[in-house]
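A.B. asks: So I've got this file, final.cif, and it contains mmCIF, C-alpha atoms:
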data_start
#
loop_
_atom_site.label_atom_id
_atom_site.label_comp_id
_atom_site.auth_asym_id
_atom_site.auth_seq_id
_atom_site.Cartn_x
_atom_site.Cartn_y
_atom_site.Cartn_z
CA MET A 344 45.08 101.14 78.37
CA ALA A 345 48.77 100.48 78.95
CA GLU A 346 49.05 98.74 75.58
CA GLU A 347 47.27 101.63 73.89
CA GLY A 348 49.70 104.07 75.51
CA ASP A 349 52.64 102.01 74.27
CA VAL A 350 51.27 102.07 70.72
CA VAL A 351 50.85 105.86 70.86
CA SER A 352 54.37 106.33 72.23
CA LYS A 353 55.95 104.02 69.62
CA THR A 354 54.04 105.72 66.81
CA PHE A 355 55.19 109.12 68.05
CA ARG A 356 58.83 108.03 68.24
CA ALA A 357 58.62 106.56 64.74
CA LEU A 358 57.22 109.83 63.40
CA VAL A 359 60.03 111.75 65.14
CA GLU A 360 62.71 109.52 63.62
CA SER A 361 61.16 109.75 60.15
CA ALA A 362 60.90 113.55 60.32
CA ASP A 363 64.48 113.85 61.63
CA ARG A 364 65.82 111.76 58.75
CA LYS A 365 64.05 113.94 56.21
CA PHE A 366 65.24 117.08 58.00
CA ALA A 367 68.86 115.91 57.80
CA ARG A 368 68.59 115.72 53.99
CA VAL A 369 67.69 119.39 53.57
CA ARG A 370 69.56 120.96 56.49
CA ASP A 371 72.78 121.58 54.55
CA PHE A 372 71.27 122.53 51.20
CA PRO A 373 72.76 125.79 49.86
CA SER A 374 70.62 128.88 50.29
CA TYR A 375 71.03 129.97 46.67
CA GLY A 376 69.62 128.53 43.48
CA ARG A 377 66.02 128.23 42.35
CA ALA A 378 65.70 124.46 42.16
CA GLN A 379 67.63 123.15 45.16
CA GLY A 380 65.61 120.11 46.22
CA GLN A 381 62.25 121.82 46.55
CA HIS A 382 60.47 118.46 46.54
CA TYR A 383 62.49 117.41 49.60
CA PHE A 384 61.30 120.47 51.49
CA GLN A 385 57.71 119.60 50.71
CA LYS A 386 58.23 116.14 52.17
CA VAL A 387 59.89 117.48 55.31
CA PHE A 388 57.10 119.99 55.91
CA LYS A 389 54.49 117.25 55.55
CA ALA A 390 56.41 114.99 57.94
CA TYR A 391 56.56 117.64 60.65
CA MET A 392 52.95 118.67 60.08
CA ARG A 393 51.93 115.05 60.66
CA LEU A 394 54.17 114.85 63.75
CA TRP A 395 52.89 118.11 65.25
CA LYS A 396 49.26 117.14 64.70
CA TYR A 397 49.83 113.69 66.23
CA GLN A 398 51.41 115.06 69.42
CA GLN A 399 48.50 117.50 69.81
CA GLU A 400 45.86 114.80 69.42
CA HIS A 401 47.61 112.40 71.83
CA ARG A 402 49.20 114.87 74.24
CA THR A 403 47.69 113.26 77.37
CA GLU A 404 48.85 109.73 76.49
CA LEU A 405 52.31 110.96 75.48
CA VAL A 406 52.79 112.92 78.71
CA LYS A 407 51.83 109.83 80.73
CA ALA A 408 54.36 107.86 78.67
CA GLY A 409 57.10 110.29 79.62
CA LEU A 410 57.03 113.01 76.94
CA ASN A 411 58.99 116.06 78.10
CA ARG A 412 58.03 119.65 77.36
CA TRP A 413 61.43 120.32 75.81
CA GLU A 414 60.68 117.61 73.23
CA ILE A 415 57.61 119.57 72.11
CA GLY A 416 59.78 122.69 71.97
CA GLU A 417 62.34 120.86 69.85
CA ILE A 418 59.68 119.87 67.31
CA ALA A 419 58.39 123.45 67.14
CA GLY A 420 61.99 124.65 66.79
CA ARG A 421 62.59 122.32 63.85
CA ILE A 422 59.49 123.68 62.14
CA GLY A 423 60.79 127.21 62.75
CA GLN A 424 64.12 126.17 61.20
CA LEU A 425 62.32 124.86 58.13
CA TYR A 426 60.42 128.10 57.68
CA PHE A 427 63.55 130.18 58.12
CA GLY A 428 65.38 127.94 55.65
CA GLN A 429 62.64 128.55 53.12
CA TYR A 430 62.95 132.28 53.75
CA THR A 431 66.70 132.24 53.06
CA ARG A 432 66.07 130.43 49.76
CA THR A 433 63.07 132.41 48.57
CA SER A 434 63.15 135.70 50.57
CA GLU A 435 59.37 135.41 50.96
CA ALA A 436 58.46 137.31 54.11
CA ARG A 437 55.64 134.93 55.04
CA PHE A 438 58.17 132.20 55.82
CA LEU A 439 60.15 134.54 58.06
CA VAL A 440 56.99 135.51 59.94
CA GLU A 441 55.99 131.86 60.38
CA ALA A 442 59.43 131.09 61.83
CA TYR A 443 59.02 133.97 64.25
CA VAL A 444 55.57 132.71 65.32
CA PHE A 445 56.94 129.28 66.21
CA TYR A 446 59.99 130.61 68.04
CA GLU A 447 57.89 133.13 69.96
CA ALA A 448 55.51 130.35 71.04
CA ILE A 449 58.45 128.31 72.35
CA LEU A 450 59.64 131.32 74.36
CA LYS A 451 56.25 132.25 75.80
CA ARG A 452 55.30 128.69 76.72
CA ARG A 453 58.73 128.05 78.24
CA TYR A 454 59.13 124.66 76.66
CA PHE A 455 62.84 124.59 77.48
CA GLU A 456 62.77 126.65 80.68
CA GLY A 457 60.32 124.23 82.26
CA CYS A 458 62.93 121.47 82.18
CA LYS A 459 64.64 121.27 85.56
CA VAL A 460 66.67 118.17 84.68
CA LYS A 461 70.38 118.91 84.48
CA ASP A 462 70.74 117.52 81.00
CA LEU A 463 73.63 119.08 79.07
CA GLY A 464 72.11 118.06 75.73
CA VAL A 465 68.86 119.88 76.52
CA ARG A 466 70.77 122.99 77.58
CA PHE A 467 72.60 123.04 74.25
CA LYS A 468 69.27 122.73 72.44
CA GLU A 469 68.01 125.74 74.39
CA LEU A 470 71.15 127.75 73.56
CA ARG A 471 70.75 127.01 69.85
CA PHE A 472 67.06 127.96 70.05
CA TYR A 473 67.91 131.39 71.48
CA ALA A 474 70.56 131.98 68.81
CA ARG A 475 68.16 131.10 65.98
CA PHE A 476 65.37 133.18 67.48
CA LEU A 477 67.75 136.16 67.74
CA LEU A 478 68.62 135.92 64.05
CA VAL A 479 64.95 135.81 62.99
CA SER A 480 64.06 138.68 65.32
CA LEU A 481 66.96 140.78 63.99
CA ILE A 482 65.86 140.39 60.38
CA LEU A 483 62.25 141.20 61.32
CA ASN A 484 63.37 144.30 63.29
CA ARG A 485 61.76 143.04 66.51
CA THR A 486 64.15 145.06 68.66
CA GLN A 487 62.29 144.53 71.93
CA THR A 488 62.22 140.78 71.38
CA VAL A 489 65.95 140.82 70.64
CA LYS A 490 66.65 142.60 73.93
CA VAL A 491 64.54 140.08 75.88
CA VAL A 492 66.13 137.05 74.24
CA VAL A 493 69.65 138.45 74.72
CA GLU A 494 69.05 138.70 78.46
CA LYS A 495 67.75 135.14 78.56
CA LEU A 496 70.74 133.92 76.56
CA LYS A 497 73.14 135.65 78.95
CA ALA A 498 71.41 134.13 81.96
CA LEU A 499 71.45 130.66 80.40
CA VAL A 500 75.16 130.84 79.56
CA ASP A 501 75.94 131.89 83.13
CA ASN A 502 73.74 129.10 84.47
CA CYS A 503 75.46 126.53 82.25
CA ASN A 504 78.88 127.72 83.41
CA ALA A 505 77.81 127.29 87.01
CA ASN A 506 76.19 123.85 86.63
CA PHE A 507 78.45 122.25 84.01
CA ARG A 508 81.92 123.33 85.08
CA GLU A 509 83.58 120.51 83.15
CA THR A 510 82.19 121.86 79.87
CA ASN A 511 83.66 124.84 78.03
CA PHE A 512 81.07 127.42 76.98
CA LYS A 513 83.58 129.84 75.47
CA GLU A 514 81.87 129.74 72.05
CA TRP A 515 78.54 130.73 73.57
CA LYS A 516 80.17 133.59 75.43
CA LEU A 517 81.43 134.80 72.05
CA VAL A 518 77.87 134.53 70.68
CA VAL A 519 76.67 136.82 73.46
CA GLN A 520 79.50 139.27 72.76
CA GLU A 521 78.64 139.24 69.04
CA ILE A 522 74.97 140.11 69.51
CA VAL A 523 75.75 142.81 72.09
CA ARG A 524 78.30 144.37 69.75
CA PHE A 525 75.80 144.16 66.89
CA MET A 526 73.13 145.90 68.96
CA ASN A 527 75.55 148.67 69.95
CA ALA A 528 76.50 149.28 66.33
CA ASP A 529 72.98 149.20 64.84
CA THR A 530 71.09 152.49 65.11
CA THR A 531 67.68 150.81 65.40
CA PHE A 532 68.60 149.71 68.93
CA ALA A 533 70.05 153.07 69.97
CA ILE A 534 67.28 155.24 68.49
CA ALA A 535 63.78 154.02 69.30
CA SER A 536 62.16 156.27 66.69
CA ALA A 537 64.54 155.27 63.88
CA ARG A 538 62.69 154.40 60.70
CA PRO A 539 63.29 150.95 59.21
CA PHE A 540 65.58 150.40 56.24
CA ARG A 541 62.82 148.47 54.52
CA TYR A 542 60.18 150.12 52.40
CA SER A 543 57.43 151.00 54.87
CA ALA A 544 53.86 152.00 54.11
CA ILE A 545 53.99 154.25 57.18
CA PHE A 546 56.96 156.35 56.05
CA ASP A 547 57.08 155.91 52.26
CA CYS A 548 54.71 156.66 49.42
CA HIS A 549 53.23 153.90 47.30
CA PRO A 550 55.68 152.28 44.85
CA ASN A 551 53.64 153.40 41.84
CA SER A 552 54.21 157.05 42.76
CA VAL A 553 57.99 156.75 43.11
CA GLN A 554 60.09 158.23 40.33
CA TYR A 555 61.87 155.58 38.30
CA VAL A 556 65.54 155.69 37.41
CA ALA A 557 66.64 155.48 33.80
CA ARG A 558 66.18 152.09 32.23
CA PHE A 559 69.09 149.70 31.94
CA HIS A 560 68.12 148.96 28.37
CA ALA A 561 66.28 151.14 25.88
CA LYS A 562 63.92 148.39 24.69
CA LYS A 563 63.59 146.23 27.80
CA VAL A 564 61.86 146.64 31.14
CA LEU A 565 63.93 144.61 33.58
CA LYS A 566 62.66 143.23 36.88
CA PHE A 567 64.77 143.00 40.01
CA ARG A 568 64.80 139.27 40.84
CA ASP A 569 68.05 138.30 42.58
CA ALA A 570 70.77 139.78 44.77
CA ILE A 571 74.12 138.61 46.12
CA LEU A 572 75.32 140.26 49.32
CA MET A 573 78.94 139.57 50.27
CA SER A 574 81.06 141.03 53.06
CA TYR A 575 84.66 140.27 53.98
CA HIS A 576 86.48 142.40 56.56
CA ARG A 577 88.68 141.65 59.52
CA ASN A 578 86.88 141.87 62.87
CA GLU A 579 83.67 143.11 61.27
CA VAL A 580 80.47 143.54 63.27
CA LYS A 581 78.33 140.47 62.78
CA PHE A 582 75.97 137.99 64.37
CA ALA A 583 76.30 134.37 63.27
CA GLU A 584 77.14 134.78 59.57
CA LEU A 585 75.15 137.98 59.08
CA THR A 586 77.43 141.03 58.99
CA LEU A 587 76.19 144.53 59.67
CA ASP A 588 76.82 145.56 56.04
CA ALA A 589 74.88 142.60 54.65
CA TYR A 590 72.13 143.09 57.24
CA ARG A 591 71.54 146.70 56.21
CA MET A 592 71.54 145.82 52.51
CA LEU A 593 69.12 142.97 53.18
CA GLN A 594 66.78 145.41 54.95
CA CYS A 595 66.93 147.84 52.03
CA LEU A 596 65.91 145.11 49.57
CA GLU A 597 62.71 144.07 51.33
CA TRP A 598 59.25 145.43 52.03
CA GLU A 599 58.48 146.28 55.63
CA SER A 600 56.03 143.82 57.19
CA SER A 601 52.75 145.31 58.34
CA GLY A 602 49.90 144.01 60.43
CA SER A 603 47.57 144.24 57.46
CA PHE A 604 49.99 142.17 55.38
CA TYR A 605 50.29 139.28 57.85
CA GLN A 606 46.82 138.52 59.13
CA LYS A 607 46.47 135.35 61.16
CA HIS A 608 44.03 132.67 60.07
CA GLN A 609 40.70 133.04 61.80
CA ALA A 610 38.88 130.25 63.58
CA GLU A 611 37.22 127.87 61.14
CA THR A 612 34.34 125.45 61.62
CA LYS A 613 35.01 121.89 60.45
CA GLU A 614 32.40 119.61 58.95
CA ASN A 615 31.87 117.77 62.26
CA GLY A 616 31.05 121.04 64.00
CA VAL A 617 34.32 121.27 65.93
CA VAL A 618 35.80 124.76 65.88
CA VAL A 619 39.58 124.86 65.47
CA ASP A 620 41.52 128.06 66.11
CA TYR A 621 44.42 128.55 63.68
CA SER A 622 45.70 131.74 65.34
CA GLY A 623 48.35 130.11 67.54
CA THR A 624 50.71 127.17 67.67
CA SER A 625 48.49 125.40 70.18
CA GLY A 626 45.98 124.82 67.40
CA LEU A 627 46.38 122.92 64.15
CA ILE A 628 49.13 124.94 62.49
CA ASP A 629 48.79 125.57 58.79
CA MET A 630 52.19 124.78 57.27
CA LYS A 631 51.14 124.78 53.62
CA LEU A 632 53.68 126.51 51.45
CA VAL A 633 50.95 128.03 49.27
CA ALA A 634 49.57 130.10 52.15
CA ASP A 635 49.32 133.72 51.07
CA MET A 636 50.33 136.12 53.82
CA THR A 637 51.69 138.97 51.74
CA ASP A 638 50.20 142.17 50.42
CA PRO A 639 49.35 141.46 46.75
CA THR A 640 49.82 145.12 45.81
CA LEU A 641 53.55 145.02 46.59
CA PRO A 642 56.19 143.31 44.44
CA PRO A 643 57.82 140.15 45.80
CA ASN A 644 61.13 140.44 47.62
CA PRO A 645 64.12 139.64 45.42
CA ARG A 646 65.93 136.42 46.26
CA LYS A 647 69.07 137.10 48.25
CA ALA A 648 72.19 134.98 48.64
CA ILE A 649 74.15 136.21 51.67
CA LEU A 650 77.79 135.12 51.69
CA TYR A 651 79.97 135.52 54.74
CA GLN A 652 83.71 135.70 54.01
CA PRO A 653 83.63 133.40 50.97
CA SER A 654 86.65 132.44 48.90
CA VAL A 655 86.89 133.95 45.42
CA THR A 656 86.13 130.54 43.93
CA HIS A 657 82.98 130.15 46.02
CA LEU A 658 81.80 133.70 45.24
CA ILE A 659 82.25 133.20 41.50
CA ALA A 660 80.50 129.81 41.67
CA VAL A 661 77.48 131.38 43.40
CA MET A 662 77.37 134.23 40.88
CA ALA A 663 77.55 131.73 38.02
CA THR A 664 74.71 129.63 39.44
CA ILE A 665 72.41 132.60 40.02
CA CYS A 666 73.17 134.20 36.65
CA GLU A 667 72.51 130.89 34.92
CA GLU A 668 69.09 130.61 36.61
CA LEU A 669 68.18 134.29 36.25
CA PRO A 670 64.75 134.57 34.60
CA PRO A 671 64.48 136.43 31.27
CA GLU A 672 64.12 140.22 31.41
CA SER A 673 65.57 140.28 34.93
CA VAL A 674 68.45 142.08 36.61
CA ILE A 675 70.74 140.91 39.42
CA LEU A 676 72.26 143.12 42.10
CA VAL A 677 75.71 142.23 43.45
CA TYR A 678 76.91 143.98 46.62
CA LEU A 679 80.57 143.39 47.52
CA SER A 680 81.98 144.87 50.72
CA ALA A 681 85.67 144.17 51.28
CA SER A 682 89.01 145.83 51.81
CA GLY A 683 91.30 146.57 48.87
CA LYS A 684 94.35 145.66 50.90
CA PRO A 685 95.05 142.66 53.13
CA SER A 686 94.96 144.11 56.63
CA HIS A 687 97.80 146.61 57.00
CA ILE A 688 100.11 144.98 54.44
CA ASN A 689 100.79 147.48 51.65
CA ALA A 690 102.96 145.32 49.42
CA SER A 691 101.10 143.06 47.03
CA PRO A 692 101.52 139.27 47.38
CA VAL A 693 103.20 139.17 43.96
CA GLU A 694 105.81 141.75 44.92
CA SER A 695 106.53 140.12 48.29
CA SER A 696 107.11 136.75 46.62
CA GLY A 697 109.57 138.20 44.14
CA GLY A 698 107.43 137.47 41.08
CA SER A 699 106.64 139.77 38.20
CA LYS A 700 103.42 141.71 38.61
CA ARG A 701 103.04 142.16 34.86
CA THR A 702 103.53 138.45 34.20
CA THR A 703 101.06 137.46 36.89
CA LYS A 704 98.63 140.09 35.66
CA ASN A 705 98.73 138.74 32.13
CA LYS A 706 98.14 135.22 33.40
CA LEU A 707 95.13 136.40 35.40
CA THR A 708 93.75 138.19 32.39
CA SER A 709 94.05 135.08 30.25
CA HIS A 710 92.65 132.81 32.94
CA ASN A 711 89.65 134.81 34.14
CA SER A 712 88.34 136.37 30.93
CA LEU A 713 86.11 134.60 28.43
CA GLU A 714 86.83 137.11 25.66
CA PRO A 715 89.82 136.16 23.44
CA ASN A 716 90.79 139.78 22.77
CA PHE A 717 91.09 140.39 26.52
CA SER A 718 93.92 137.89 26.91
CA SER A 719 96.63 140.34 25.90
CA PRO A 720 97.47 143.62 27.62
CA GLU A 721 95.54 146.60 26.31
CA PRO A 722 97.84 149.46 25.31
CA HIS A 723 97.49 152.85 26.95
CA ILE A 724 95.32 155.18 24.93
CA ASN A 725 95.65 158.96 25.33
CA GLY A 726 97.46 158.44 28.60
CA LYS A 727 94.56 156.46 30.10
CA LYS A 728 94.72 153.01 31.59
CA GLY A 729 93.94 150.00 29.46
CA PHE A 730 91.82 147.12 30.66
CA SER A 731 94.66 144.93 31.90
CA ASP A 732 95.92 147.67 34.21
CA TYR A 733 92.83 147.19 36.34
CA TYR A 734 94.28 143.92 37.57
CA ASP A 735 96.54 146.07 39.73
CA ASP A 736 93.61 146.72 42.10
CA TYR A 737 91.44 144.13 43.76
CA LEU A 738 89.23 143.17 46.69
CA TRP A 739 90.98 141.11 49.34
CA LEU A 740 89.00 138.03 50.39
CA GLY A 741 91.34 136.52 52.94
CA SER A 742 94.31 134.20 52.68
CA LYS A 743 94.62 130.86 50.96
CA GLY A 744 95.78 127.74 52.71
CA ASN A 745 99.08 127.83 50.81
CA GLY A 746 99.94 131.25 52.22
CA GLY A 747 98.83 133.29 49.20
CA SER A 748 96.00 135.78 49.02
CA SER A 749 92.52 135.36 47.64
CA ASN A 750 91.93 138.46 45.52
CA LEU A 751 88.91 139.42 43.43
CA TYR A 752 89.87 141.50 40.39
CA PRO A 753 87.59 143.61 38.16
CA GLY A 754 88.31 141.16 35.35
CA ASP A 755 86.72 138.36 37.36
CA ILE A 756 83.34 140.09 37.03
CA ILE A 757 83.49 140.41 33.22
CA PRO A 758 81.80 137.07 32.32
CA PHE A 759 78.76 138.05 34.38
CA THR A 760 78.22 141.30 32.48
CA ARG A 761 76.54 139.22 29.79
CA ARG A 762 73.46 139.40 32.03
CA PRO A 763 71.83 142.60 33.33
CA LEU A 764 73.96 143.49 36.35
CA PHE A 765 73.83 146.20 39.02
CA LEU A 766 77.14 146.15 40.86
CA VAL A 767 77.78 147.91 44.18
CA ILE A 768 81.38 147.91 45.42
CA ASP A 769 81.85 149.11 49.00
CA SER A 770 85.64 149.29 49.24
CA ASP A 771 88.70 151.53 49.10
CA SER A 772 89.40 149.90 45.70
CA SER A 773 85.95 150.53 44.26
CA HIS A 774 87.29 153.05 41.72
CA ALA A 775 89.11 150.25 39.86
CA PHE A 776 85.89 148.25 39.43
CA LYS A 777 83.91 151.26 38.25
CA ALA A 778 86.55 152.32 35.72
CA GLY A 779 87.44 148.82 34.55
CA LEU A 780 83.88 147.62 34.03
CA THR A 781 82.88 150.89 32.38
CA TRP A 782 85.71 150.26 29.92
CA CYS A 783 84.36 146.74 29.39
CA ARG A 784 80.87 148.09 28.77
CA LYS A 785 82.17 150.33 26.00
CA ARG A 786 83.79 147.35 24.33
CA ARG A 787 80.52 145.46 24.12
CA GLU A 788 76.87 146.21 24.78
CA SER A 789 75.63 144.98 28.15
CA CYS A 790 73.17 146.07 30.78
CA LEU A 791 75.73 147.04 33.40
CA THR A 792 75.70 149.67 36.11
CA ALA A 793 78.68 149.91 38.45
CA PHE A 794 78.28 151.95 41.62
CA ALA A 795 81.35 152.70 43.71
CA ILE A 796 81.12 153.65 47.39
#
Can I see the file as C-alpha cells?
C.D. replies:
Amino acid sequence: MAEEGDVVSKTFRALVESADRKFARVRDFPSYGRAQGQHYFQKVFKAYMRLWKYQQEHRTELVKAGLNRWEIGEIAGRIGQLYFGQYTRTSEARFLVEAYVFYEAILKRRYFEGCKVKDLGVRFKELRFYARFLLVSLILNRTQTVKVVVEKLKALVDNCNANFRETNFKEWKLVVQEIVRFMNADTTFAIASARPFRYSAIFDCHPNSVQYVARFHAKKVLKFRDAILMSYHRNEVKFAELTLDAYRMLQCLEWESSGSFYQKHQAETKENGVVVDYSGTSGLIDMKLVADMTDPTLPPNPRKAILYQPSVTHLIAVMATICEELPPESVILVYLSASGKPSHINASPVESSGGSKRTTKNKLTSHNSLEPNFSSPEPHINGKKGFSDYYDDYLWLGSKGNGGSSNLYPGDIIPFTRRPLFLVIDSDSSHAFKAGLTWCRKRRESCLTAFAI
C-alpha cells in the first residue's frame, strides 16, 4: 500500500510539473491577434484536465501522502486563469463564466483559507487569487461577489501585515485602495437598481428590432469583429490594468449574460452505469473549448484588445496586427481616451526644446504617412486648415525615457483608414482627429467614421 501511495504521489507531481511547464509557455502571450499559439492553449487545457481528473480519482491517497488543500486550490486557480486568458483573446463569454465558476468554487470551499500554516508563499498565492477573482467578477457585473471578495482581501492583507512583519505588503495595500476607489466611482455599486451597460434581454428589445444606423459603405454590409480600447490619463481610476473608461466601453460591447444563456451541464450516465454530475467543480469538469454556452440567437462578442497606458509605438503595432488579421467585410472600432496636453504643461515639447514646430511637423508628416502626396504641407484653402496643420494637436501618451513626449497625432491613424474603421476619441483634442481624418476621407474613399467626445 505504501508503494502504491508513492506511485500515486510521484505521478501527481509529474503531472503538476508538466502542466506548469506548458502553462509558462502561454502565460505571457499577447491578448490580441487571432492566431497567437492556439495549439499551445489546447495542450495546456488538456494537461490541466488530466491533472484535475487524476487528483479527483486519487484524492484519498494524495491526502495521505501529504497533499494540501491549497494545492488543489492552486490547480483550480490555474484553470481559471486559462479560461480568463481565453476570454481576453476571444471575448467569448463562456470562457469568462467558466473562470468565474472555478474561482467561486475556490472561495466557497476555502481551499486557501483552510491552510493554517504560516507559509508566506501560500499567502501570496491567496492574495493573487483574490485579485484575479475580483477582475473576473467586475467584468461579469457580480457586484455582491466583488464586495465579499474585497472584504476578504482587506482582512488577508491585514493578517499578512501582522504575521509577516519583515515583509512589505505596500503593493497589496495599493491593490485594495484601487478596487475601493473603482467601486466608489462605478455607479453599479452605488445604485443597486442600475441597469447594466451590456445589451440585456431584460431591459432591451431584440437586436433584430433595433433601428440600424446608416451603412459605412453603400455596397457592403460590414460586421463588427474587433475593437481596441486604450486609456492613458494621470491618476485615472483603475483596477489592475483595467481603467474605468475601458471597463465601461468593454461592457457596452458585450451581450449581458443570462441564466438561460449559461446553463450548466446536467448529470450524465456513463456506460458503466456510474452517474457523474457535471454541475460543479467537484465533479469531472468539462474543459473542452468547443462547449457551447452562449445564446445562438445573439451575435458573438467582438474581440477586444484592452491597452493600459501603451506607448505610441505599441499602440500602432497592435492596430497594425489587428487590421492585418481583420476578416473581410468587417469593421474595427478604436476607442482612444487620453489627454491632449501633458499634465498641466501648456507649452509643446518642441517649443520647450527650442526646435521649430513647422520643421518637426513636416518630419512627422513624412515619417508617419504612407501616402506620398501627404509628405509636404498642404496649403490653406479658403482660410481652412490643411492636413499638415492637424499635427499641431495630439493625444499625450506619457513621456519617453529620453525626456521627450510620446504623442499620437491624427496623421498616425491615416494608414489604418484603408480598412473599415470606427474611431472614438475621448479627449480635449478630439476635434483635431475628427477634422483631420474627415479631410483624409475626402481625399480618398474609405469606410471611416470619426466620433469626437
A.B. asks: Which residue gives the smallest distance to A:Arg568 among A:Val518, A:Ile757, A:Ile675, A:Leu587, with all atoms listed in the file counted?
C.D. replies: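 So, comparing all the options, the nearest one is A:Ile675.
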A.B. asks: Starting from the displayed file, determine the output of the PyMOL selection byres ((chain A and resi 750) around 9) and express the residue list as a list in words.
C.D. replies: Ser654, Val655, Gly683, Tyr737, Leu738, Trp739, Leu740, Gly741, Ser742, Ser748, Ser749, Leu751 and Tyr752 of chain A
A.B. asks: Please produce a file of those selected residues containing C-alpha atoms, as an mmCIF file, in the coordinates of the input.
C.D. replies:
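The result, written out as part01.cif:
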data_model
loop_
_atom_site.group_PDB
_atom_site.id
_atom_site.type_symbol
_atom_site.label_atom_id
_atom_site.label_comp_id
_atom_site.auth_asym_id
_atom_site.auth_seq_id
_atom_site.Cartn_x
_atom_site.Cartn_y
_atom_site.Cartn_z
ATOM 1 C CA SER A 654 86.650 132.440 48.900
ATOM 2 C CA VAL A 655 86.890 133.950 45.420
ATOM 3 C CA GLY A 683 91.300 146.570 48.870
ATOM 4 C CA TYR A 737 91.440 144.130 43.760
ATOM 5 C CA LEU A 738 89.230 143.170 46.690
ATOM 6 C CA TRP A 739 90.980 141.110 49.340
ATOM 7 C CA LEU A 740 89.000 138.030 50.390
ATOM 8 C CA GLY A 741 91.340 136.520 52.940
ATOM 9 C CA SER A 742 94.310 134.200 52.680
ATOM 10 C CA SER A 748 96.000 135.780 49.020
ATOM 11 C CA SER A 749 92.520 135.360 47.640
ATOM 12 C CA LEU A 751 88.910 139.420 43.430
ATOM 13 C CA TYR A 752 89.870 141.500 40.390
#
A.B. asks: Between A:Glu469, A:Phe384, A:Ser374, A:Leu394, which one has atoms that come closest to A:Gly420, using only C-alpha atoms?
C.D. replies: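 Distance minimum relative to A:Gly420 lands on A:Glu469.
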A.B. asks: Closest to A:Arg541 among A:Lys516, A:Arg591, A:Lys497, A:Lys490, using all atoms listed in the file?
C.D. replies: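 Of A:Lys516, A:Arg591, A:Lys497, A:Lys490, the one nearest A:Arg541 is A:Arg591, counting all atoms listed in the file.
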A.B. asks: So which residues touch A:Tyr443 within 8 Å, counting all atoms listed in the file, skipping near sequence neighbours fewer than 5 positions away, as a VMD selection string?
C.D. replies: chain A and resid 423 476 479 to 480
A.B. asks: Just so the selection is clear, what residues does the PyMOL selection byres ((chain A and resi 468) around 10) cover here, as an NGL selection string?
C.D. replies: :A and (413 or 416-417 or 420 or 455 or 463-467 or 469-473)
A.B. asks: Residues picked by the PyMOL selection byres ((chain A and resi 439) around 10) here, as a PyMOL selection string?
C.D. replies: chain A and resi 423-431+434-438+440-444+479-480+482-483
A.B. asks: Could you tell me how far atom CA of A:Leu585 lies from atom CA of A:Leu650, in Å and to one decimal?
C.D. replies: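 Taking atom CA of A:Leu585 as the start and atom CA of A:Leu650 as the end point, the length is 8.4 Å.
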A.B. asks: So, with only C-alpha atoms as the atoms that count, which of A:Glu514, A:Asp569, A:Asp529, A:Asp363 lies closest to A:Ala390?
C.D. replies: A:Asp363
A.B. asks: Which one of A:Asp588, A:Pro763, A:Tyr446, A:Val519 sits closest to A:Lys495 if you count only C-alpha atoms?
C.D. replies: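 Looking only at the distances to A:Lys495, the closest residue turns out to be A:Val519.
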A.B. asks: Provide the atom CA of A:Leu593 to atom CA of A:Ser680 distance in Å, to one decimal place.
C.D. replies: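 Between atom CA of A:Leu593 and atom CA of A:Ser680 the gap is 13.2 Å.
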A.B. asks: Just checking: using all atoms listed in the file, which residue out of A:Leu764, A:Val674, A:Val493, A:Val351 ends up closest to A:Arg524?
C.D. replies: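 With all atoms listed in the file as the atom set, the closest residue is A:Val493.
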A.B. asks: Using Å and a single decimal, report how far atom CA of A:Leu499 sits from atom CA of A:Leu481.
C.D. replies: 19.8 Å
